[in-house]
>>> print(open('structure-v4.csv').read())   # CSV, C-alpha atoms (C1' of nucleotides)
chain,number,residue,atom,x,y,z
A,1278,MET,CA,12.1,-4.6,-19.0
A,1279,LYS,CA,9.9,-2.3,-17.1
A,1280,PRO,CA,6.8,-1.1,-18.9
A,1281,ASP,CA,7.3,2.3,-20.4
A,1282,HIS,CA,4.4,3.9,-18.7
A,1283,GLN,CA,5.9,3.5,-15.3
A,1284,LYS,CA,8.2,6.3,-16.2
A,1285,SER,CA,5.3,8.7,-16.6
A,1286,LEU,CA,3.7,7.7,-13.3
A,1287,LEU,CA,4.8,10.9,-11.6
A,1288,THR,CA,4.5,13.4,-14.4
A,1289,ASN,CA,1.4,12.3,-16.2
A,1290,CYS,CA,-1.1,11.5,-13.5
A,1291,ALA,CA,-3.8,13.7,-12.1
A,1292,ILE,CA,-3.8,12.1,-8.7
A,1293,PRO,CA,-1.1,14.4,-7.3
A,1294,ALA,CA,-3.0,17.3,-8.7
A,1295,ALA,CA,-6.2,16.1,-7.0
A,1296,LEU,CA,-4.4,15.5,-3.7
A,1297,GLU,CA,-3.0,19.0,-3.8
A,1298,ALA,CA,-6.6,20.2,-3.6
A,1299,VAL,CA,-8.2,17.7,-1.2
A,1300,GLY,CA,-5.4,15.6,0.1
A,1301,GLU,CA,-4.9,17.2,3.5
A,1302,ARG,CA,-6.2,15.9,6.7
A,1303,TRP,CA,-9.8,17.0,7.4
A,1304,SER,CA,-10.5,18.0,3.8
A,1305,PHE,CA,-12.6,14.9,3.0
A,1306,LEU,CA,-14.4,15.2,6.3
A,1307,ILE,CA,-15.3,18.8,5.7
A,1308,LEU,CA,-16.6,17.9,2.3
A,1309,ARG,CA,-18.6,15.1,3.7
A,1310,GLY,CA,-20.1,17.7,6.0
A,1311,ALA,CA,-20.9,19.9,3.1
A,1312,PHE,CA,-22.6,17.1,1.3
A,1313,ASN,CA,-24.7,16.5,4.4
A,1314,GLY,CA,-25.9,20.0,4.6
A,1315,LEU,CA,-23.4,21.8,6.7
A,1316,HIS,CA,-22.7,25.3,5.5
A,1317,HIS,CA,-21.4,27.4,8.4
A,1318,PHE,CA,-18.1,27.7,10.2
A,1319,GLU,CA,-19.5,26.9,13.6
A,1320,GLU,CA,-21.5,23.9,12.2
A,1321,PHE,CA,-18.4,22.3,10.8
A,1322,GLN,CA,-16.5,23.1,13.9
A,1323,SER,CA,-18.9,21.6,16.4
A,1324,THR,CA,-19.9,18.7,14.2
A,1325,LEU,CA,-16.4,17.6,13.3
A,1326,GLY,CA,-14.6,18.7,16.4
A,1327,ILE,CA,-11.8,20.2,14.2
A,1328,ALA,CA,-9.6,22.9,15.5
A,1329,ARG,CA,-10.7,26.4,14.4
A,1330,ASN,CA,-7.5,27.5,12.8
A,1331,ILE,CA,-7.3,24.3,10.8
A,1332,LEU,CA,-10.9,24.6,9.7
A,1333,SER,CA,-10.3,28.2,8.7
A,1334,ASN,CA,-7.3,27.2,6.7
A,1335,ARG,CA,-9.0,24.2,5.0
A,1336,LEU,CA,-12.1,26.2,4.0
A,1337,ALA,CA,-9.9,29.0,2.6
A,1338,ARG,CA,-7.9,26.5,0.7
A,1339,MET,CA,-10.9,24.7,-0.8
A,1340,VAL,CA,-12.4,28.1,-1.7
A,1341,GLU,CA,-9.2,29.0,-3.5
A,1342,HIS,CA,-9.5,25.7,-5.4
A,1343,GLU,CA,-13.1,26.6,-6.1
A,1344,ILE,CA,-14.3,23.4,-4.5
A,1345,LEU,CA,-16.4,25.5,-2.1
A,1346,LYS,CA,-17.7,29.0,-2.6
A,1347,ARG,CA,-17.8,31.5,0.3
A,1348,GLU,CA,-21.1,33.3,0.5
A,1349,PRO,CA,-21.6,36.1,3.1
A,1350,ASP,CA,-25.2,36.2,4.3
A,1351,PRO,CA,-26.7,39.6,3.4
A,1352,ALA,CA,-29.4,39.1,6.1
A,1353,ASP,CA,-26.9,38.6,8.9
A,1354,ARG,CA,-23.5,40.0,8.0
A,1355,ARG,CA,-21.7,37.9,10.6
A,1356,ARG,CA,-22.6,34.7,8.9
A,1357,VAL,CA,-20.9,33.1,5.9
A,1358,ALA,CA,-22.1,30.1,4.1
A,1359,TYR,CA,-19.8,27.7,2.4
A,1360,ARG,CA,-21.3,25.9,-0.5
A,1361,LEU,CA,-20.2,23.2,-2.8
A,1362,THR,CA,-19.4,24.3,-6.4
A,1363,GLU,CA,-20.0,22.0,-9.3
A,1364,LYS,CA,-16.3,21.1,-9.0
A,1365,GLY,CA,-16.9,20.2,-5.4
A,1366,ARG,CA,-20.1,18.3,-6.0
A,1367,GLU,CA,-18.3,16.1,-8.5
A,1368,LEU,CA,-16.1,14.8,-5.7
A,1369,LEU,CA,-19.1,12.8,-4.5
A,1370,PRO,CA,-18.1,9.6,-6.2
A,1371,VAL,CA,-14.7,9.7,-4.6
A,1372,LEU,CA,-16.3,10.3,-1.2
A,1373,ILE,CA,-18.8,7.6,-1.6
A,1374,ALA,CA,-16.3,5.1,-2.9
A,1375,LEU,CA,-14.1,5.8,0.0
A,1376,ARG,CA,-16.9,5.4,2.4
A,1377,GLN,CA,-18.1,2.2,0.9
A,1378,TRP,CA,-14.6,0.8,1.1
A,1379,GLY,CA,-14.3,1.8,4.7
A,1380,GLU,CA,-17.6,0.3,5.5
A,1381,LYS,CA,-16.7,-3.0,3.9
A,1382,TRP,CA,-13.1,-3.4,5.0
A,1383,VAL,CA,-12.5,-1.3,8.0
A,1384,SER,CA,-15.4,-0.3,10.2
A,1385,GLY,CA,-17.5,-3.3,9.2
A,1386,VAL,CA,-20.7,-1.6,10.1
A,1387,PRO,CA,-23.1,0.2,7.7
A,1388,SER,CA,-22.7,4.0,7.8
A,1389,ASN,CA,-25.4,6.4,8.7
A,1390,PRO,CA,-27.0,8.4,7.1
A,1391,VAL,CA,-27.3,6.4,3.9
A,1392,LEU,CA,-27.2,7.9,0.4
A,1393,VAL,CA,-30.4,6.8,-1.4
A,1394,ASP,CA,-31.8,7.1,-4.8
A,1395,ARG,CA,-34.6,9.6,-4.2
A,1396,ALA,CA,-37.1,7.9,-6.5
A,1397,ALA,CA,-36.6,4.3,-5.5
A,1398,ARG,CA,-35.7,5.1,-1.8
A,1399,ARG,CA,-33.0,2.5,-1.9
A,1400,PRO,CA,-29.3,2.8,-1.2
A,1401,VAL,CA,-27.0,3.7,-4.2
A,1402,ALA,CA,-25.1,0.8,-5.8
A,1403,PRO,CA,-21.5,0.0,-4.8
A,1404,ILE,CA,-19.2,2.3,-6.8
A,1405,ALA,CA,-17.2,0.3,-9.4
A,1406,VAL,CA,-15.0,0.7,-12.4
A,1407,THR,CA,-17.0,0.0,-15.4
A,1408,ALA,CA,-16.5,-0.3,-19.2
A,1409,ALA,CA,-17.9,2.3,-21.6
A,1410,ASP,CA,-21.1,0.2,-21.9
A,1411,GLY,CA,-21.6,0.1,-18.1
A,1412,ARG,CA,-20.4,-3.5,-17.6
A,1413,PRO,CA,-18.5,-3.7,-14.3
A,1414,LEU,CA,-14.8,-4.6,-14.6
A,1415,SER,CA,-12.6,-6.5,-12.3
A,1416,LEU,CA,-8.8,-5.9,-12.1
A,1417,GLU,CA,-8.2,-8.9,-14.3
A,1418,GLU,CA,-10.2,-7.3,-17.1
A,1419,LEU,CA,-8.2,-4.1,-16.9
A,1420,ASP,CA,-5.0,-3.0,-18.5
A,1421,TRP,CA,-2.8,0.1,-18.2
A,1422,VAL,CA,-2.1,1.4,-21.7
A,1423,ASP,CA,-0.3,4.3,-23.1
A,1424,ARG,CA,-2.8,6.9,-24.3
A,1425,ALA,CA,-1.3,7.0,-27.7
A,1426,GLU,CA,-2.2,3.3,-28.2
A,1427,VAL,CA,-5.8,3.7,-27.1
A,1428,ALA,CA,-8.5,3.6,-29.7
A,1429,GLN,CA,-10.3,6.8,-28.7
A,1430,GLY,CA,-13.7,8.0,-29.8
B,878,MET,CA,-34.3,22.2,13.2
B,879,LYS,CA,-31.2,20.5,11.9
B,880,PRO,CA,-31.8,17.1,10.3
B,881,ASP,CA,-31.2,14.3,12.8
B,882,HIS,CA,-28.7,12.5,10.8
B,883,GLN,CA,-26.2,15.4,11.1
B,884,LYS,CA,-25.6,14.4,14.7
B,885,SER,CA,-24.3,11.0,13.6
B,886,LEU,CA,-22.0,12.4,11.0
B,887,LEU,CA,-19.0,11.8,13.1
B,888,THR,CA,-19.9,8.6,14.9
B,889,ASN,CA,-21.6,6.6,12.1
B,890,CYS,CA,-19.5,7.2,9.1
B,891,ALA,CA,-16.8,5.0,7.6
B,892,ILE,CA,-14.9,7.8,6.0
B,893,PRO,CA,-12.8,8.5,9.1
B,894,ALA,CA,-12.0,4.8,9.3
B,895,ALA,CA,-11.0,4.7,5.7
B,896,LEU,CA,-8.8,7.8,6.1
B,897,GLU,CA,-7.1,6.2,9.1
B,898,ALA,CA,-5.8,3.5,6.8
B,899,VAL,CA,-5.1,5.5,3.6
B,900,GLY,CA,-5.5,9.2,4.5
B,901,GLU,CA,-1.8,10.1,5.0
B,902,ARG,CA,0.2,12.0,2.5
B,903,TRP,CA,1.8,9.6,0.0
B,904,SER,CA,-0.5,6.7,0.7
B,905,PHE,CA,-2.6,7.1,-2.4
B,906,LEU,CA,0.5,7.6,-4.5
B,907,ILE,CA,2.1,4.5,-3.2
B,908,LEU,CA,-1.1,2.6,-4.0
B,909,ARG,CA,-1.3,4.0,-7.5
B,910,GLY,CA,2.3,2.8,-7.9
B,911,ALA,CA,1.2,-0.7,-6.7
B,912,PHE,CA,-1.7,-0.7,-9.2
B,913,ASN,CA,0.8,0.2,-11.9
B,914,GLY,CA,3.1,-2.7,-11.2
B,915,LEU,CA,5.5,-1.4,-8.7
B,916,HIS,CA,6.4,-3.9,-6.0
B,917,HIS,CA,9.8,-3.1,-4.5
B,918,PHE,CA,11.0,-0.5,-2.1
B,919,GLU,CA,13.6,1.0,-4.5
B,920,GLU,CA,11.0,1.1,-7.3
B,921,PHE,CA,8.6,3.1,-5.2
B,922,GLN,CA,11.3,5.3,-3.9
B,923,SER,CA,12.8,6.2,-7.3
B,924,THR,CA,9.5,6.4,-9.1
B,925,LEU,CA,7.8,8.6,-6.6
B,926,GLY,CA,10.8,10.5,-5.2
B,927,ILE,CA,9.4,9.9,-1.7
B,928,ALA,CA,11.8,10.0,1.3
B,929,ARG,CA,13.0,6.6,2.3
B,930,ASN,CA,11.9,6.8,5.9
B,931,ILE,CA,8.4,8.0,4.9
B,932,LEU,CA,8.1,5.2,2.4
B,933,SER,CA,9.2,2.7,4.9
B,934,ASN,CA,6.6,4.0,7.4
B,935,ARG,CA,3.8,4.0,4.9
B,936,LEU,CA,4.5,0.6,3.6
B,937,ALA,CA,4.6,-0.8,7.1
B,938,ARG,CA,1.3,1.0,7.9
B,939,MET,CA,-0.5,-0.3,4.9
B,940,VAL,CA,0.9,-3.8,5.6
B,941,GLU,CA,-0.5,-3.5,9.1
B,942,HIS,CA,-3.9,-2.5,7.6
B,943,GLU,CA,-3.6,-5.5,5.2
B,944,ILE,CA,-3.9,-3.2,2.2
B,945,LEU,CA,-0.5,-4.5,1.0
B,946,LYS,CA,1.2,-7.8,1.9
B,947,ARG,CA,5.0,-8.0,2.4
B,948,GLU,CA,6.5,-10.9,0.6
B,949,PRO,CA,10.2,-11.6,1.0
B,950,ASP,CA,11.7,-13.0,-2.2
B,951,PRO,CA,13.0,-16.5,-1.5
B,952,ALA,CA,15.3,-16.3,-4.6
B,953,ASP,CA,17.0,-13.1,-3.4
B,954,ARG,CA,16.7,-12.6,0.3
B,955,ARG,CA,17.5,-8.9,0.1
B,956,ARG,CA,14.4,-8.3,-1.9
B,957,VAL,CA,10.9,-7.8,-0.6
B,958,ALA,CA,7.8,-7.5,-2.8
B,959,TYR,CA,4.8,-5.5,-1.7
B,960,ARG,CA,1.6,-6.7,-3.3
B,961,LEU,CA,-1.9,-5.5,-3.1
B,962,THR,CA,-4.3,-7.6,-1.1
B,963,GLU,CA,-8.0,-8.0,-2.0
B,964,LYS,CA,-8.7,-5.2,0.4
B,965,GLY,CA,-6.1,-3.0,-1.3
B,966,ARG,CA,-7.3,-3.9,-4.8
B,967,GLU,CA,-10.8,-2.7,-3.9
B,968,LEU,CA,-9.5,0.8,-3.4
B,969,LEU,CA,-9.2,1.0,-7.2
B,970,PRO,CA,-12.6,2.8,-7.7
B,971,VAL,CA,-11.5,5.4,-5.1
B,972,LEU,CA,-8.2,5.9,-6.9
B,973,ILE,CA,-9.7,6.1,-10.4
B,974,ALA,CA,-12.5,8.4,-9.2
B,975,LEU,CA,-9.9,10.7,-7.7
B,976,ARG,CA,-7.8,10.7,-10.8
B,977,GLN,CA,-10.7,11.3,-13.1
B,978,TRP,CA,-11.8,14.3,-11.0
B,979,GLY,CA,-8.2,15.7,-11.0
B,980,GLU,CA,-8.0,15.2,-14.7
B,981,LYS,CA,-11.3,17.0,-15.3
B,982,TRP,CA,-11.0,19.8,-12.8
B,983,VAL,CA,-7.4,20.4,-11.9
B,984,SER,CA,-4.8,19.2,-14.3
B,985,GLY,CA,-7.0,19.5,-17.3
B,986,VAL,CA,-4.9,17.0,-19.3
B,987,PRO,CA,-5.6,13.4,-19.7
B,988,SER,CA,-3.5,11.2,-17.5
B,989,ASN,CA,-1.1,8.6,-18.8
B,990,PRO,CA,-1.2,5.6,-18.7
B,991,VAL,CA,-4.9,5.1,-19.2
B,992,LEU,CA,-6.9,2.3,-17.6
B,993,VAL,CA,-8.6,0.4,-20.3
B,994,ASP,CA,-11.1,-2.4,-20.6
B,995,ARG,CA,-8.9,-5.3,-21.7
B,996,ALA,CA,-11.5,-6.7,-24.1
B,997,ALA,CA,-12.6,-3.5,-25.8
B,998,ARG,CA,-9.3,-1.7,-25.5
B,999,ARG,CA,-11.2,1.4,-24.6
B,1000,PRO,CA,-10.8,3.6,-21.5
B,1001,VAL,CA,-13.0,2.8,-18.6
B,1002,ALA,CA,-16.2,4.9,-18.1
B,1003,PRO,CA,-16.2,7.9,-15.7
B,1004,ILE,CA,-16.9,6.7,-12.2
B,1005,ALA,CA,-20.4,7.7,-11.0
B,1006,VAL,CA,-22.9,7.2,-8.3
B,1007,THR,CA,-25.6,4.9,-9.6
B,1008,ALA,CA,-28.9,3.4,-8.5
B,1009,ALA,CA,-29.2,-0.2,-7.8
B,1010,ASP,CA,-30.3,-0.8,-11.4
B,1011,GLY,CA,-27.2,1.0,-12.8
B,1012,ARG,CA,-28.9,4.2,-13.7
B,1013,PRO,CA,-26.5,7.1,-13.0
B,1014,LEU,CA,-27.7,9.6,-10.4
B,1015,SER,CA,-27.1,13.3,-10.0
B,1016,LEU,CA,-27.0,15.0,-6.7
B,1017,GLU,CA,-30.6,16.2,-7.2
B,1018,GLU,CA,-31.7,12.6,-7.4
B,1019,LEU,CA,-30.0,11.7,-4.1
B,1020,ASP,CA,-31.1,12.0,-0.5
B,1021,TRP,CA,-29.4,11.3,2.8
B,1022,VAL,CA,-31.7,9.1,4.8
B,1023,ASP,CA,-31.5,7.4,8.2
B,1024,ARG,CA,-30.7,3.7,7.7
B,1025,ALA,CA,-33.7,2.7,9.8
B,1026,GLU,CA,-36.0,4.3,7.2
B,1027,VAL,CA,-34.5,2.7,4.2
B,1028,ALA,CA,-36.3,-0.1,2.5
B,1029,GLN,CA,-33.5,-2.7,2.5
B,1030,GLY,CA,-33.4,-5.9,0.4
C,1048,DT,C1',37.3,-15.5,0.5
C,1049,DC,C1',37.7,-10.8,-0.1
C,1050,DT,C1',35.6,-6.6,-2.5
C,1051,DG,C1',32.3,-4.2,-3.9
C,1052,DC,C1',27.5,-3.5,-4.9
C,1053,DT,C1',22.4,-3.8,-4.2
C,1054,DC,C1',18.2,-3.8,-1.4
C,1055,DA,C1',15.8,-2.4,2.3
C,1056,DG,C1',15.7,-0.1,5.6
C,1057,DT,C1',17.3,3.2,10.2
C,1058,DT,C1',19.1,7.4,12.4
C,1059,DG,C1',19.6,12.3,13.3
C,1060,DC,C1',18.4,16.6,12.4
C,1061,DT,C1',15.6,20.4,10.5
C,1062,DA,C1',11.3,22.3,8.6
C,1063,DT,C1',6.6,22.2,8.1
C,1064,DC,C1',2.0,21.1,9.7
C,1065,DT,C1',-1.5,20.1,13.4
C,1066,DG,C1',-4.0,20.9,17.5
C,1067,DC,C1',-5.3,23.4,21.6
C,1068,DA,C1',-6.6,27.5,24.1
C,1069,DA,C1',-7.0,32.1,24.3
C,1070,DC,C1',-8.0,36.2,22.2
C,1071,DC,C1',-10.1,39.5,18.7
C,1072,DT,C1',-13.4,42.1,15.6
C,1073,DA,C1',-17.8,42.9,13.5
C,1074,DT,C1',-22.4,42.4,13.9
C,1075,DA,C1',-26.7,41.3,15.9
C,1076,DT,C1',-30.0,41.0,19.9
C,1077,DG,C1',-32.5,42.4,24.2
D,863,DC,C1',-26.0,50.2,26.2
D,864,DA,C1',-24.5,45.3,27.7
D,865,DT,C1',-24.1,40.9,26.1
D,866,DA,C1',-24.0,37.1,22.8
D,867,DT,C1',-22.8,35.1,18.5
D,868,DA,C1',-20.2,34.2,14.0
D,869,DG,C1',-16.1,33.7,12.1
D,870,DG,C1',-12.1,34.1,12.5
D,871,DT,C1',-6.5,35.1,14.3
D,872,DT,C1',-2.4,34.4,17.4
D,873,DG,C1',1.0,31.9,20.1
D,874,DC,C1',2.9,28.1,21.4
D,875,DA,C1',3.7,22.8,22.0
D,876,DG,C1',3.8,18.5,19.9
D,877,DA,C1',3.5,15.5,15.9
D,878,DT,C1',4.7,14.6,11.1
D,879,DA,C1',7.4,15.2,6.8
D,880,DG,C1',11.7,15.6,4.4
D,881,DC,C1',16.7,15.3,3.5
D,882,DA,C1',21.1,13.2,3.9
D,883,DA,C1',24.0,10.1,5.8
D,884,DC,C1',24.6,5.6,7.6
D,885,DT,C1',23.8,0.5,8.5
D,886,DG,C1',23.6,-4.3,7.7
D,887,DA,C1',22.3,-8.4,5.4
D,888,DG,C1',22.8,-10.7,1.1
D,889,DC,C1',24.4,-11.5,-3.4
D,890,DA,C1',28.0,-11.6,-7.4
D,891,DG,C1',32.4,-11.6,-9.5
D,892,DA,C1',37.5,-12.1,-9.2
>>> encode(input="structure-v4.csv", output="structure tokens")
Amino acid sequence: MKPDHQKSLLTNCAIPAALEAVGERWSFLILRGAFNGLHHFEEFQSTLGIARNILSNRLARMVEHEILKREPDPADRRRVAYRLTEKGRELLPVLIALRQWGEKWVSGVPSNPVLVDRAARRPVAPIAVTAADGRPLSLEELDWVDRAEVAQG
Amino acid sequence: MKPDHQKSLLTNCAIPAALEAVGERWSFLILRGAFNGLHHFEEFQSTLGIARNILSNRLARMVEHEILKREPDPADRRRVAYRLTEKGRELLPVLIALRQWGEKWVSGVPSNPVLVDRAARRPVAPIAVTAADGRPLSLEELDWVDRAEVAQG
DNA sequence: TCTGCTCAGTTGCTATCTGCAACCTATATG
DNA sequence: CATATAGGTTGCAGATAGCAACTGAGCAGA
């Protein structure tokens, strides 16, 4: 009765894996800070108002997961810079999609600063699910299908 | 010294607002279930293995936030269906982006079931940040700019 | 109509996580 | 040297999550 794929919801989905890395409270906000040019412990702490122990824990965790890398500053050995790795940078679509959703459906007001296309100086487009050819797809145009049944490239 | 917009990171961003609605543990997994055709309490509970009290709490919370709507079944008054609202459905890009990221960077294996374009029967494209004209943008092509300075339409 | 079963929760208790404030250590700065 | 700064750690209180057992309304069959 029930579609077969529902059985594999738990076992065969990367969402739990992703949440293991960035699903805790504050993780997304720390990342947003990193995308906005924050690099140092005290910057994150004072900008976000997060408790120091939690911040310490989250940074360490994201460093473990190689979302951030920890770079001690050779010029001032007290200072440590946290920088996004490639893995971390690729979380941008998630972050922006979440922000756009919050803007549209929760806060109602446009966020600031705005992420713009550097060349055109215009805000980026709303993030959407698209087909391989770039055509945007609504939920009605989408299906969940077992991988084995998909015509892959 | 510090870009001006960093001051408004906390106050002028919709990410905290979004996280208030869907940032708790299990919320995303419940949503994924809903997108995959789960509707009833016992379905969510047995599929996800979530504790009943937590599930009850999360469902209530997402109903409050109008991400799900609670629909008692008139044919069997024990049963209650939880269905995605338009607001909830628009979280799909966030969910898919998160899943694609987890697939690529954490779990390493393709998830199942796969979301496909119904017409083409092919998996949806990787979710990306794009310019207004649809051109995909890398981080190097992006800037954070104060809204006031953006040439809006 | 009585019995048992199903659905959707609630309750009570324990374990884990969060948040605040104070403290600490290494390094720089005057 | 005294003092300040960066990046933490510690201890403890309160909030949140998780497990197991229980409840209570509503059906279904005998």
>>> interface_residues(input="structure-v4.csv", of="chain D", to="chain A", cutoff="8 Å", atoms="all atoms listed in the file", output="NGL selection string")
:D and (868-871)
>>> interface_residues(input="structure-v4.csv", of="chain A", to="chain B", cutoff="7 Å", atoms="all atoms listed in the file", output="short mmCIF file (atom, residue, chain, number, x, y, z; two decimals) with C-alpha atoms, in the frame of the given file")
data_model
loop_
_atom_site.label_atom_id
_atom_site.label_comp_id
_atom_site.auth_asym_id
_atom_site.auth_seq_id
_atom_site.Cartn_x
_atom_site.Cartn_y
_atom_site.Cartn_z
CA HIS A 1282 4.40 3.90 -18.70
CA GLN A 1283 5.90 3.50 -15.30
CA SER A 1285 5.30 8.70 -16.60
CA LEU A 1287 4.80 10.90 -11.60
CA ASN A 1289 1.40 12.30 -16.20
CA CYS A 1290 -1.10 11.50 -13.50
CA ALA A 1291 -3.80 13.70 -12.10
CA ILE A 1292 -3.80 12.10 -8.70
CA ALA A 1294 -3.00 17.30 -8.70
CA ALA A 1295 -6.20 16.10 -7.00
CA ASN A 1313 -24.70 16.50 4.40
CA LEU A 1325 -16.40 17.60 13.30
CA LYS A 1364 -16.30 21.10 -9.00
CA LEU A 1368 -16.10 14.80 -5.70
CA PRO A 1370 -18.10 9.60 -6.20
CA VAL A 1371 -14.70 9.70 -4.60
CA ALA A 1374 -16.30 5.10 -2.90
CA LEU A 1375 -14.10 5.80 0.00
CA ARG A 1376 -16.90 5.40 2.40
CA TRP A 1378 -14.60 0.80 1.10
CA GLY A 1379 -14.30 1.80 4.70
CA GLU A 1380 -17.60 0.30 5.50
CA TRP A 1382 -13.10 -3.40 5.00
CA VAL A 1383 -12.50 -1.30 8.00
CA SER A 1384 -15.40 -0.30 10.20
CA SER A 1388 -22.70 4.00 7.80
CA ASN A 1389 -25.40 6.40 8.70
CA PRO A 1390 -27.00 8.40 7.10
CA VAL A 1391 -27.30 6.40 3.90
CA LEU A 1392 -27.20 7.90 0.40
CA VAL A 1393 -30.40 6.80 -1.40
CA ASP A 1394 -31.80 7.10 -4.80
CA ARG A 1395 -34.60 9.60 -4.20
CA ARG A 1398 -35.70 5.10 -1.80
CA ARG A 1399 -33.00 2.50 -1.90
CA VAL A 1401 -27.00 3.70 -4.20
CA ALA A 1402 -25.10 0.80 -5.80
CA ILE A 1404 -19.20 2.30 -6.80
CA ALA A 1405 -17.20 0.30 -9.40
CA VAL A 1406 -15.00 0.70 -12.40
CA THR A 1407 -17.00 0.00 -15.40
CA ALA A 1408 -16.50 -0.30 -19.20
CA ALA A 1409 -17.90 2.30 -21.60
CA GLU A 1418 -10.20 -7.30 -17.10
CA LEU A 1419 -8.20 -4.10 -16.90
CA ASP A 1420 -5.00 -3.00 -18.50
CA TRP A 1421 -2.80 0.10 -18.20
CA VAL A 1422 -2.10 1.40 -21.70
CA ASP A 1423 -0.30 4.30 -23.10
CA ARG A 1424 -2.80 6.90 -24.30
CA VAL A 1427 -5.80 3.70 -27.10
CA ALA A 1428 -8.50 3.60 -29.70
CA GLN A 1429 -10.30 6.80 -28.70
#
>>> interface_residues(input="structure-v4.csv", of="chain C", to="chain A", cutoff="7 Å", atoms="only C-alpha atoms (C1' of nucleotides)", output="list of chain:residue names")
C:DG1066, C:DA1073, C:DT1074
>>> atom_distance(input="structure-v4.csv", atom1="atom C1' of D:DA883", atom2="atom CA of B:Leu908")
28.0 Å
>>> atom_distance(input="structure-v4.csv", atom1="atom CA of B:Pro951", atom2="atom C1' of D:DA890")
16.8 Å
>>> build_atoms(input="structure-v4.csv", residues="stretch 1349-1361 of chain A", atoms="N, CA, C and O atoms", output="PDB file, keeping the file's coordinate frame")
ATOM      1  N   PRO A1349     -21.124  35.302   1.892  1.00  0.00           N
ATOM      2  CA  PRO A1349     -21.600  36.100   3.100  1.00  0.00           C
ATOM      3  C   PRO A1349     -23.086  36.218   3.000  1.00  0.00           C
ATOM      4  O   PRO A1349     -23.655  36.438   1.923  1.00  0.00           O
ATOM      5  N   ASP A1350     -23.727  36.071   4.160  1.00  0.00           N
ATOM      6  CA  ASP A1350     -25.200  36.200   4.300  1.00  0.00           C
ATOM      7  C   ASP A1350     -25.583  37.628   4.349  1.00  0.00           C
ATOM      8  O   ASP A1350     -25.204  38.309   5.299  1.00  0.00           O
ATOM      9  N   PRO A1351     -26.347  38.135   3.367  1.00  0.00           N
ATOM     10  CA  PRO A1351     -26.700  39.600   3.400  1.00  0.00           C
ATOM     11  C   PRO A1351     -27.661  39.894   4.554  1.00  0.00           C
ATOM     12  O   PRO A1351     -27.676  41.023   5.022  1.00  0.00           O
ATOM     13  N   ALA A1352     -28.407  38.896   5.032  1.00  0.00           N
ATOM     14  CA  ALA A1352     -29.400  39.100   6.100  1.00  0.00           C
ATOM     15  C   ALA A1352     -28.709  39.204   7.480  1.00  0.00           C
ATOM     16  O   ALA A1352     -29.201  39.849   8.394  1.00  0.00           O
ATOM     17  N   ASP A1353     -27.602  38.537   7.633  1.00  0.00           N
ATOM     18  CA  ASP A1353     -26.900  38.600   8.900  1.00  0.00           C
ATOM     19  C   ASP A1353     -25.376  38.604   8.543  1.00  0.00           C
ATOM     20  O   ASP A1353     -24.788  37.573   8.240  1.00  0.00           O
ATOM     21  N   ARG A1354     -24.820  39.796   8.601  1.00  0.00           N
ATOM     22  CA  ARG A1354     -23.500  40.000   8.000  1.00  0.00           C
ATOM     23  C   ARG A1354     -22.368  39.345   8.850  1.00  0.00           C
ATOM     24  O   ARG A1354     -21.189  39.433   8.467  1.00  0.00           O
ATOM     25  N   ARG A1355     -22.723  38.680   9.933  1.00  0.00           N
ATOM     26  CA  ARG A1355     -21.700  37.900  10.600  1.00  0.00           C
ATOM     27  C   ARG A1355     -21.532  36.546   9.941  1.00  0.00           C
ATOM     28  O   ARG A1355     -20.458  35.950   9.970  1.00  0.00           O
ATOM     29  N   ARG A1356     -22.610  36.088   9.372  1.00  0.00           N
ATOM     30  CA  ARG A1356     -22.600  34.700   8.900  1.00  0.00           C
ATOM     31  C   ARG A1356     -22.094  34.574   7.455  1.00  0.00           C
ATOM     32  O   ARG A1356     -22.302  35.429   6.600  1.00  0.00           O
ATOM     33  N   VAL A1357     -21.423  33.469   7.253  1.00  0.00           N
ATOM     34  CA  VAL A1357     -20.900  33.100   5.900  1.00  0.00           C
ATOM     35  C   VAL A1357     -21.255  31.711   5.626  1.00  0.00           C
ATOM     36  O   VAL A1357     -21.073  30.832   6.460  1.00  0.00           O
ATOM     37  N   ALA A1358     -21.808  31.484   4.455  1.00  0.00           N
ATOM     38  CA  ALA A1358     -22.100  30.100   4.100  1.00  0.00           C
ATOM     39  C   ALA A1358     -21.072  29.591   3.110  1.00  0.00           C
ATOM     40  O   ALA A1358     -20.624  30.301   2.208  1.00  0.00           O
ATOM     41  N   TYR A1359     -20.660  28.383   3.352  1.00  0.00           N
ATOM     42  CA  TYR A1359     -19.800  27.700   2.400  1.00  0.00           C
ATOM     43  C   TYR A1359     -20.570  26.671   1.662  1.00  0.00           C
ATOM     44  O   TYR A1359     -21.199  25.804   2.257  1.00  0.00           O
ATOM     45  N   ARG A1360     -20.555  26.798   0.351  1.00  0.00           N
ATOM     46  CA  ARG A1360     -21.300  25.900  -0.500  1.00  0.00           C
ATOM     47  C   ARG A1360     -20.492  25.199  -1.515  1.00  0.00           C
ATOM     48  O   ARG A1360     -19.557  25.779  -2.041  1.00  0.00           O
ATOM     49  N   LEU A1361     -20.868  23.959  -1.805  1.00  0.00           N
ATOM     50  CA  LEU A1361     -20.200  23.200  -2.800  1.00  0.00           C
ATOM     51  C   LEU A1361     -20.377  23.836  -4.195  1.00  0.00           C
ATOM     52  O   LEU A1361     -21.493  24.207  -4.552  1.00  0.00           O
TER      53      LEU A1361
END
